[in-house]
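Peer 1: For reference, this is coords-v6.cif, and it has mmCIF, C-alpha atoms.
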data_data
#
loop_
_atom_site.label_atom_id
_atom_site.label_comp_id
_atom_site.auth_asym_id
_atom_site.auth_seq_id
_atom_site.Cartn_x
_atom_site.Cartn_y
_atom_site.Cartn_z
CA MET A 29 1.31 -23.66 -11.94
CA GLU A 30 -1.70 -25.77 -10.80
CA ASN A 31 -1.38 -25.01 -7.08
CA LEU A 32 -0.81 -21.28 -7.43
CA LYS A 33 -3.36 -18.86 -6.02
CA LYS A 34 -5.04 -16.62 -8.57
CA THR A 35 -6.43 -13.12 -8.21
CA PRO A 36 -9.91 -12.43 -9.63
CA LEU A 37 -8.15 -10.76 -12.60
CA ASN A 38 -6.13 -13.80 -13.68
CA GLU A 39 -8.05 -14.38 -16.93
CA THR A 40 -8.04 -10.63 -17.64
CA HIS A 41 -4.23 -10.50 -17.39
CA ARG A 42 -3.93 -13.39 -19.83
CA ALA A 43 -6.32 -11.72 -22.29
CA LEU A 44 -4.18 -8.57 -22.13
CA GLY A 45 -1.06 -10.58 -23.03
CA GLY A 46 0.28 -10.71 -19.48
CA LYS A 47 3.37 -12.89 -19.08
CA MET A 48 2.51 -14.91 -15.97
CA VAL A 49 5.02 -15.98 -13.32
CA GLU A 50 4.96 -17.45 -9.83
CA PHE A 51 5.26 -14.80 -7.11
CA GLY A 52 4.90 -15.65 -3.42
CA GLY A 53 2.61 -18.56 -4.24
CA TRP A 54 0.53 -16.50 -6.70
CA ASP A 55 0.16 -16.61 -10.48
CA MET A 56 0.87 -12.99 -11.40
CA PRO A 57 1.69 -10.91 -14.51
CA VAL A 58 5.34 -9.87 -14.57
CA GLN A 59 4.73 -7.68 -17.62
CA TYR A 60 2.35 -7.13 -20.54
CA THR A 61 2.95 -6.65 -24.25
CA ALA A 62 4.20 -3.04 -23.92
CA GLY A 63 7.14 -4.27 -21.81
CA VAL A 64 8.61 -3.28 -18.47
CA ILE A 65 10.29 -0.03 -19.53
CA GLU A 66 7.16 1.37 -21.17
CA GLU A 67 4.98 0.32 -18.21
CA HIS A 68 7.43 2.02 -15.84
CA LEU A 69 7.69 5.25 -17.86
CA ARG A 70 3.94 5.45 -18.45
CA THR A 71 3.38 5.24 -14.67
CA ARG A 72 5.88 8.08 -14.13
CA ASN A 73 4.47 10.24 -16.94
CA ALA A 74 0.76 9.37 -17.13
CA ALA A 75 -0.73 6.37 -15.29
CA GLY A 76 -0.16 2.70 -14.58
CA LEU A 77 -2.79 0.18 -13.46
CA PHE A 78 -1.71 -2.56 -11.05
CA ASP A 79 -3.50 -5.64 -9.76
CA VAL A 80 -2.51 -5.92 -6.10
CA SER A 81 -5.36 -8.22 -5.13
CA HIS A 82 -2.80 -10.75 -3.87
CA MET A 83 -2.12 -8.53 -0.83
CA GLY A 84 -3.64 -9.65 2.46
CA GLU A 85 -6.37 -7.85 4.45
CA ILE A 86 -6.84 -8.51 8.17
CA TRP A 87 -9.53 -6.77 10.23
CA VAL A 88 -8.93 -6.03 13.91
CA GLU A 89 -12.18 -5.00 15.59
CA GLY A 90 -13.23 -4.39 19.19
CA ALA A 91 -12.57 -2.11 22.14
CA ASP A 92 -8.87 -3.07 22.36
CA ALA A 93 -8.12 -2.91 18.61
CA ILE A 94 -5.75 0.06 18.86
CA ALA A 95 -3.93 -1.20 21.95
CA PHE A 96 -3.50 -4.65 20.39
CA VAL A 97 -2.06 -3.42 17.09
CA ASN A 98 0.11 -0.90 18.95
CA ARG A 99 1.65 -3.79 20.91
CA LEU A 100 2.47 -5.73 17.72
CA THR A 101 3.85 -2.93 15.52
CA THR A 102 6.52 -0.22 15.61
CA ASN A 103 4.57 2.90 14.65
CA ASP A 104 2.22 4.68 17.08
CA VAL A 105 -1.34 3.59 16.29
CA THR A 106 -2.76 5.93 18.96
CA LYS A 107 -1.78 8.90 16.77
CA LEU A 108 -3.98 7.82 13.83
CA VAL A 109 -7.31 9.57 13.28
CA ASP A 110 -10.34 8.08 11.50
CA GLY A 111 -9.66 7.96 7.77
CA GLN A 112 -5.87 7.91 8.16
CA ALA A 113 -3.35 5.13 7.44
CA HIS A 114 0.31 4.69 8.29
CA TYR A 115 3.23 2.50 7.30
CA SER A 116 4.56 0.22 10.03
CA VAL A 117 6.45 -2.99 10.83
CA LEU A 118 5.06 -6.09 12.50
CA MET A 119 7.84 -7.16 14.86
CA ASN A 120 9.18 -10.41 16.27
CA GLU A 121 10.73 -10.70 19.76
CA ARG A 122 14.27 -10.63 18.34
CA GLY A 123 13.78 -7.18 16.84
CA GLY A 124 13.39 -8.41 13.26
CA ALA A 125 10.47 -7.81 10.94
CA VAL A 126 7.67 -10.35 10.57
CA ASP A 127 6.39 -8.09 7.77
CA ASP A 128 5.90 -4.48 6.79
CA LEU A 129 2.31 -3.36 6.48
CA LEU A 130 -0.23 -0.55 6.29
CA VAL A 131 -2.54 0.14 9.24
CA TYR A 132 -5.86 1.83 8.38
CA ARG A 133 -7.99 3.40 11.12
CA PHE A 134 -11.73 3.32 10.38
CA ASP A 135 -12.84 3.94 13.98
CA PHE A 136 -11.49 3.64 17.52
CA ASP A 137 -12.53 -0.02 17.44
CA LYS A 138 -11.92 -0.88 13.78
CA LEU A 139 -8.55 -1.20 12.06
CA LEU A 140 -7.55 -2.81 8.77
CA LEU A 141 -4.07 -4.31 8.36
CA VAL A 142 -2.84 -4.69 4.78
CA VAL A 143 0.04 -7.16 4.59
CA ASN A 144 2.24 -8.66 1.90
CA ALA A 145 0.97 -11.47 -0.29
CA ALA A 146 3.77 -13.98 0.33
CA THR A 147 3.56 -13.48 4.11
CA THR A 148 -0.23 -13.28 4.64
CA ASP A 149 -0.52 -16.76 6.18
CA LYS A 150 2.60 -16.25 8.32
CA ASP A 151 1.34 -12.85 9.49
CA TRP A 152 -2.12 -14.21 10.31
CA ASP A 153 -0.61 -17.04 12.38
CA TRP A 154 1.68 -14.57 14.18
CA ILE A 155 -1.06 -12.00 14.89
CA THR A 156 -3.55 -14.58 16.16
CA SER A 157 -0.86 -16.21 18.34
CA GLN A 158 -0.20 -12.86 20.07
CA LYS A 159 -3.78 -12.32 21.22
CA LYS A 160 -4.01 -12.33 25.01
CA ASP A 161 -7.16 -11.26 26.82
CA GLU A 162 -7.82 -8.24 24.59
CA VAL A 163 -11.39 -7.56 23.57
CA ILE A 164 -10.91 -7.97 19.82
CA THR A 165 -12.13 -9.98 16.86
CA LEU A 166 -9.61 -10.90 14.16
CA THR A 167 -10.77 -11.64 10.61
CA ASN A 168 -8.61 -12.70 7.68
CA ALA A 169 -10.64 -11.14 4.88
CA SER A 170 -7.98 -11.50 2.17
CA LYS A 171 -10.15 -13.64 -0.12
CA ASP A 172 -13.03 -11.15 0.07
CA TYR A 173 -11.21 -8.24 -1.56
CA CYS A 174 -9.68 -7.18 -4.82
CA GLN A 175 -7.18 -4.35 -4.66
CA ILE A 176 -6.43 -2.26 -7.74
CA ALA A 177 -3.86 0.54 -7.77
CA VAL A 178 -3.94 3.42 -10.23
CA GLN A 179 -0.68 5.36 -10.00
CA GLY A 180 0.85 8.33 -11.74
CA PRO A 181 0.26 12.03 -12.46
CA LYS A 182 -3.07 11.29 -14.19
CA ALA A 183 -4.33 8.89 -11.48
CA GLN A 184 -6.66 11.36 -9.79
CA GLU A 185 -8.14 12.60 -13.07
CA ILE A 186 -8.80 9.01 -14.22
CA LEU A 187 -10.33 7.71 -10.99
CA GLN A 188 -12.42 10.87 -10.54
CA LYS A 189 -14.42 9.94 -13.67
CA LEU A 190 -15.72 6.87 -11.83
CA THR A 191 -16.53 8.25 -8.38
CA GLU A 192 -18.55 11.03 -6.76
CA THR A 193 -16.02 11.14 -3.91
CA GLU A 194 -13.99 14.35 -4.18
CA LEU A 195 -10.53 12.82 -4.57
CA SER A 196 -8.63 16.11 -4.21
CA GLU A 197 -9.80 16.22 -0.58
CA ILE A 198 -8.13 12.90 0.29
CA LYS A 199 -4.65 13.65 1.62
CA TYR A 200 -1.66 11.36 1.14
CA TYR A 201 -1.93 8.33 3.45
CA HIS A 202 -5.61 9.05 4.05
CA PHE A 203 -8.64 7.15 2.77
CA THR A 204 -12.41 7.16 2.64
CA THR A 205 -15.25 4.82 1.77
CA GLY A 206 -17.36 5.54 -1.27
CA THR A 207 -18.29 4.02 -4.60
CA VAL A 208 -16.25 3.51 -7.75
CA ASP A 209 -18.41 2.83 -10.83
CA GLY A 210 -21.27 2.18 -8.41
CA VAL A 211 -19.27 -0.41 -6.46
CA ASP A 212 -18.75 0.02 -2.70
CA ALA A 213 -15.04 0.65 -2.17
CA ILE A 214 -12.31 1.84 0.13
CA ILE A 215 -10.44 4.61 -1.72
CA SER A 216 -6.93 5.13 -0.34
CA ARG A 217 -4.35 7.72 -1.41
CA THR A 218 -1.40 5.34 -1.09
CA GLY A 219 0.90 3.41 -3.39
CA TYR A 220 4.21 1.71 -3.96
CA THR A 221 5.58 3.58 -6.98
CA GLY A 222 6.81 6.96 -5.75
CA GLU A 223 3.95 8.60 -7.66
CA ASP A 224 0.69 10.12 -6.54
CA GLY A 225 -2.14 7.65 -6.84
CA PHE A 226 -4.85 5.56 -5.27
CA GLU A 227 -5.46 2.01 -4.15
CA VAL A 228 -9.06 0.85 -4.45
CA TYR A 229 -10.33 -2.04 -2.32
CA ALA A 230 -13.63 -3.64 -3.31
CA ALA A 231 -15.44 -6.98 -3.32
CA ALA A 232 -13.41 -9.60 -5.19
CA ASP A 233 -16.22 -10.30 -7.67
CA LYS A 234 -16.15 -6.64 -8.82
CA ALA A 235 -12.48 -6.74 -9.86
CA VAL A 236 -13.01 -7.30 -13.59
CA GLN A 237 -15.63 -4.54 -13.82
CA LEU A 238 -13.41 -2.00 -12.00
CA TRP A 239 -10.27 -2.92 -13.93
CA GLN A 240 -12.04 -2.55 -17.28
CA LYS A 241 -13.66 0.76 -16.31
CA LEU A 242 -10.32 2.17 -15.14
CA LEU A 243 -8.68 1.18 -18.44
CA ASP A 244 -11.53 2.88 -20.32
CA ALA A 245 -11.40 6.01 -18.14
CA GLY A 246 -7.64 6.19 -18.64
CA ASP A 247 -7.75 6.00 -22.47
CA TYR A 248 -6.02 2.64 -22.64
CA GLY A 249 -4.58 2.30 -26.14
CA ALA A 250 -3.74 6.00 -26.51
CA HIS A 251 -0.02 6.86 -26.67
CA ASP A 252 -0.28 8.72 -23.36
CA GLY A 253 -3.11 6.66 -21.87
CA ILE A 254 -3.10 4.34 -18.87
CA LEU A 255 -1.16 1.07 -19.16
CA PRO A 256 -1.60 -2.12 -17.16
CA ALA A 257 1.69 -2.72 -15.36
CA GLY A 258 3.11 -5.96 -13.98
CA LEU A 259 5.34 -7.01 -11.12
CA ALA A 260 8.56 -6.04 -12.90
CA ALA A 261 7.56 -2.38 -13.34
CA ARG A 262 6.15 -2.33 -9.79
CA ASN A 263 9.58 -3.43 -8.61
CA THR A 264 11.62 -0.93 -10.64
CA LEU A 265 9.26 1.90 -9.65
CA ARG A 266 9.51 1.14 -5.92
CA LEU A 267 13.30 0.74 -6.21
CA GLU A 268 13.71 4.18 -7.86
CA ALA A 269 11.57 5.55 -5.01
CA GLY A 270 13.85 3.83 -2.47
CA MET A 271 11.06 1.74 -0.95
CA SER A 272 11.75 -1.52 0.89
CA LEU A 273 10.58 -4.92 -0.35
CA TYR A 274 9.96 -7.54 2.30
CA GLY A 275 12.36 -10.47 1.96
CA HIS A 276 14.99 -8.11 0.51
CA GLU A 277 15.46 -4.96 2.61
CA LEU A 278 13.45 -6.32 5.55
CA SER A 279 13.10 -9.81 7.02
CA ASP A 280 12.82 -11.79 10.24
CA ASP A 281 16.58 -11.22 10.64
CA ILE A 282 16.78 -7.58 9.53
CA SER A 283 15.95 -4.78 11.95
CA PRO A 284 13.87 -1.87 10.64
CA LEU A 285 16.60 0.41 12.07
CA GLU A 286 19.16 -1.18 9.71
CA ALA A 287 16.72 -0.65 6.83
CA ASN A 288 16.50 3.12 7.51
CA LEU A 289 13.00 2.78 8.95
CA GLY A 290 13.80 4.39 12.31
CA TRP A 291 11.15 7.03 11.45
CA ILE A 292 8.39 4.44 11.94
CA CYS A 293 9.93 2.94 15.11
CA LYS A 294 8.35 4.92 17.96
CA LEU A 295 10.45 3.71 20.89
CA ASN A 296 8.83 6.22 23.25
CA LYS A 297 5.22 5.10 22.69
CA GLY A 298 5.28 2.42 25.41
CA ASP A 299 6.11 -1.26 25.24
CA PHE A 300 5.70 -3.29 22.05
CA ILE A 301 7.01 -6.61 20.75
CA GLY A 302 10.65 -6.18 19.69
CA ARG A 303 11.07 -2.82 21.43
CA GLU A 304 13.91 -3.96 23.72
CA PRO A 305 16.19 -5.28 20.97
CA LEU A 306 15.45 -2.15 18.90
CA ALA A 307 16.33 0.15 21.81
CA LYS A 308 19.49 -1.86 22.50
CA LEU A 309 20.55 -1.71 18.85
CA LYS A 310 19.95 2.05 18.78
CA GLU A 311 21.98 2.53 21.94
CA GLU A 312 24.91 0.30 20.91
CA GLY A 313 24.90 1.56 17.33
CA LEU A 314 24.19 -0.17 14.03
CA LYS A 315 26.81 -2.50 12.58
CA ARG A 316 25.33 -2.35 9.08
CA LYS A 317 23.11 0.02 7.16
CA LEU A 318 21.08 -0.01 4.00
CA VAL A 319 22.49 2.30 1.32
CA GLY A 320 21.64 3.25 -2.23
CA PHE A 321 24.21 2.98 -4.99
CA GLU A 322 24.61 3.54 -8.70
CA MET A 323 26.89 1.57 -10.97
CA THR A 324 29.75 3.63 -12.38
CA ASP A 325 31.07 0.73 -14.46
CA ARG A 326 28.82 -0.79 -17.10
CA GLY A 327 26.86 -3.62 -15.58
CA ILE A 328 23.77 -4.42 -13.58
CA ALA A 329 23.91 -5.37 -9.92
CA ARG A 330 21.27 -7.95 -9.06
CA ASP A 331 19.73 -9.07 -5.77
CA GLY A 332 22.17 -11.22 -3.83
CA TYR A 333 25.38 -10.00 -5.50
CA ASP A 334 28.33 -9.45 -3.15
CA VAL A 335 29.67 -5.98 -2.26
CA TYR A 336 33.43 -5.38 -1.84
CA ILE A 337 35.59 -2.59 -0.47
CA ASN A 338 39.37 -2.91 -0.92
CA ASP A 339 38.92 -6.47 -2.22
CA GLU A 340 37.19 -7.50 1.00
CA LYS A 341 33.61 -8.74 0.90
CA VAL A 342 31.63 -6.42 3.18
CA GLY A 343 27.98 -6.74 2.22
CA VAL A 344 25.30 -7.83 -0.20
CA VAL A 345 22.95 -6.25 -2.73
CA THR A 346 19.33 -6.54 -1.56
CA SER A 347 17.72 -5.10 -4.71
CA GLY A 348 19.32 -4.06 -7.98
CA SER A 349 18.17 -3.30 -11.52
CA PRO A 350 18.24 -0.76 -14.31
CA ALA A 351 16.20 2.36 -13.43
CA PRO A 352 14.17 3.13 -16.57
CA TYR A 353 13.27 6.72 -15.67
CA LEU A 354 16.71 7.68 -14.32
CA LYS A 355 18.52 5.82 -17.12
CA LYS A 356 21.15 4.29 -14.87
CA ASN A 357 21.76 1.05 -12.99
CA ILE A 358 20.94 1.33 -9.30
CA GLY A 359 20.54 -0.79 -6.22
CA LEU A 360 20.21 -1.07 -2.46
CA ALA A 361 22.76 -2.92 -0.33
CA PHE A 362 23.74 -3.57 3.26
CA VAL A 363 27.25 -2.38 4.12
CA PRO A 364 29.11 -1.88 7.43
CA THR A 365 28.08 1.44 9.02
CA GLU A 366 31.57 2.96 8.71
CA PHE A 367 31.31 2.70 4.91
CA ALA A 368 27.67 3.83 4.66
CA ASN A 369 28.54 7.31 3.40
CA VAL A 370 27.45 9.15 0.27
CA GLY A 371 30.38 9.18 -2.17
CA GLN A 372 31.90 5.93 -0.86
CA GLU A 373 33.30 3.84 -3.71
CA ILE A 374 32.31 0.18 -3.66
CA LYS A 375 32.74 -2.78 -5.98
CA ILE A 376 30.06 -5.29 -6.86
CA GLU A 377 30.81 -8.76 -8.12
CA VAL A 378 28.94 -9.19 -11.38
CA ARG A 379 29.59 -12.50 -13.17
CA GLY A 380 33.01 -12.91 -11.60
CA LYS A 381 34.15 -9.32 -12.22
CA HIS A 382 34.40 -6.58 -9.58
CA LEU A 383 32.58 -3.60 -11.09
CA ALA A 384 32.73 -0.07 -9.66
CA ALA A 385 29.76 1.61 -8.00
CA GLN A 386 29.22 4.58 -5.72
CA ILE A 387 26.94 5.16 -2.73
CA ILE A 388 24.42 7.92 -3.50
CA PRO A 389 21.50 9.47 -1.57
CA THR A 390 18.08 7.80 -1.53
CA PRO A 391 15.38 7.96 -2.67
CA PHE A 392 16.92 7.86 -6.14
CA TYR A 393 13.74 9.41 -7.56
CA LYS A 394 11.39 11.94 -5.98
CA ARG A 395 8.36 13.20 -7.86
CA GLN A 396 7.77 16.92 -8.38
CA LYS A 397 4.96 17.99 -6.04
#
Could you render the structure as structure tokens?
Peer 2:
Amino acid sequence: MENLKKTPLNETHRALGGKMVEFGGWDMPVQYTAGVIEEHLRTRNAAGLFDVSHMGEIWVEGADAIAFVNRLTTNDVTKLVDGQAHYSVLMNERGGAVDDLLVYRFDFDKLLLVVNAATTDKDWDWITSQKKDEVITLTNASKDYCQIAVQGPKAQEILQKLTETELSEIKYYHFTTGTVDGVDAIISRTGYTGEDGFEVYAAADKAVQLWQKLLDAGDYGAHDGILPAGLAARNTLRLEAGMSLYGHELSDDISPLEANLGWICKLNKGDFIGREPLAKLKEEGLKRKLVGFEMTDRGIARDGYDVYINDEKVGVVTSGSPAPYLKKNIGLAFVPTEFANVGQEIKIEVRGKHLAAQIIPTPFYKRQK
């Protein structure tokens, strides 16, 4: 564990009874004393608090900021307005995903890219290598920031106690700058849980103060108060919400079209890296597609388990686990397009046995608006 990177909240997690594990080169809490199921359910029903300070932050500034990022990613950056963010994919020339990311527009010449923790260095190398003669400055500011997510139905009420910013005015996938507990912050209405909530970016040395104040504001310790939540609950929450995890549903060898992310692939926006292979794949038709399934036999499908139809191996599970809120065992898998239909019966090899499952619509869980 000596060489692992640590977020500014590392000691805080340990004091809270966090069970620490290695994740993408980071020392992170997988769960706390309440346990994964309680952390998951509390996020769905009240609020969960997540340390996501391991995520990477890259500034793109200068007159050509929008054009540059538009050339590297699938979504249309020209459509963003100040104070708006969107989800996108950083592409390689083969039409695979270097990473998935959020693009925040602060101004016509100032964008923030928020990338995955395990791929921050790879992304930085890729982005800097693609710079041509654009008038831009690139800054890897990942070490400068903490990022804390408060998610769940009570998220707005909790965060509002600590800021004068009127949170109800921030729309989904929009953000503003303000203060939280007197600390300068970016306040973003985004998240990775399927719930309403906010992600707060602030100076790394303010992480402990903000974390503690959010626990206090959320009545930590009360039966329906906020709970710190680890990587395991973050994973089960995003899986119920049908959200992709890089390295599972997306990778250098997986096209965003195969991962059902055609909605963020704007092929008509002009040229961008990976556009040609994407257009070709769309024209020729997908050979495999990502589907959601639930186990109909007793058993849990895990990442990497093989998928069978008529005793023939046809695909692989990309993510699988029990779904605490839905009280069933679910997963995502790649299967040949001709079998990617709701109601299709499949079998999954679990410990040498072929267990029955069925393809169902995704997202598995959708919050009540």
Peer 1: How would you write, as a PyMOL selection string, the residues chosen by the PyMOL selection byres ((chain A and resi 104) around 12) on this structure?
Peer 2: chain A and resi 94-103+105-109+113-117+131+133+291-300
Peer 1: Under the PyMOL selection byres ((chain A and resi 253-261) around 9), which residues of this model are included? Write them out as number ranges by chain.
Peer 2: A: 41, 44, 46-47, 51, 56-60, 62-71, 74-79, 178, 182-183, 186, 221, 242-252, 262-266
Peer 1: Calculated over all atoms listed in the file, which of the candidates A:Arg72, A:Arg326, A:Lys138, A:Lys171 has the smallest distance to Lys34 (chain A)?
Peer 2: A:Lys171
Peer 1: When you look at region 158-165 of chain A with a cut-off of 8 Å (counting all atoms listed in the file), what residues show up, excluding the ones that are within fewer than 6 positions of it in the same chain? I need them as JSON, numbers by chain.
Peer 2: {"A": [87, 88, 89, 90, 91, 92, 93, 96, 100]}
Peer 1: Could those selected residues go to a file with C-alpha atoms, as a short mmCIF file (atom, residue, chain, number, x, y, z; two decimals), in the frame of the given file?
Peer 2:
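As written to disk, result-v6.cif reads:
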data_model
loop_
_atom_site.label_atom_id
_atom_site.label_comp_id
_atom_site.auth_asym_id
_atom_site.auth_seq_id
_atom_site.Cartn_x
_atom_site.Cartn_y
_atom_site.Cartn_z
CA TRP A 87 -9.53 -6.77 10.23
CA VAL A 88 -8.93 -6.03 13.91
CA GLU A 89 -12.18 -5.00 15.59
CA GLY A 90 -13.23 -4.39 19.19
CA ALA A 91 -12.57 -2.11 22.14
CA ASP A 92 -8.87 -3.07 22.36
CA ALA A 93 -8.12 -2.91 18.61
CA PHE A 96 -3.50 -4.65 20.39
CA LEU A 100 2.47 -5.73 17.72
#
Peer 1: Give me, as a PyMOL selection string, all polymer residues having an atom no more than 9 Å from Thr207 (chain A), counting all atoms listed in the file and skipping those fewer than 5 positions away in the same chain.
Peer 2: chain A and resi 190-193+212-215
Peer 1: Evaluated on this file, the PyMOL selection byres ((chain A and resi 315) around 7) picks out some residues - which ones are they, written as a PDB file with C-alpha atoms, keeping the file's coordinate frame?
Peer 2:
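Ended up saving to result-v1.pdb:
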ATOM      1  CA  GLY A 313      24.900   1.560  17.330  1.00  0.00           C
ATOM      2  CA  LEU A 314      24.190  -0.170  14.030  1.00  0.00           C
ATOM      3  CA  ARG A 316      25.330  -2.350   9.080  1.00  0.00           C
ATOM      4  CA  PRO A 364      29.110  -1.880   7.430  1.00  0.00           C
ATOM      5  CA  THR A 365      28.080   1.440   9.020  1.00  0.00           C
TER       6      THR A 365
END
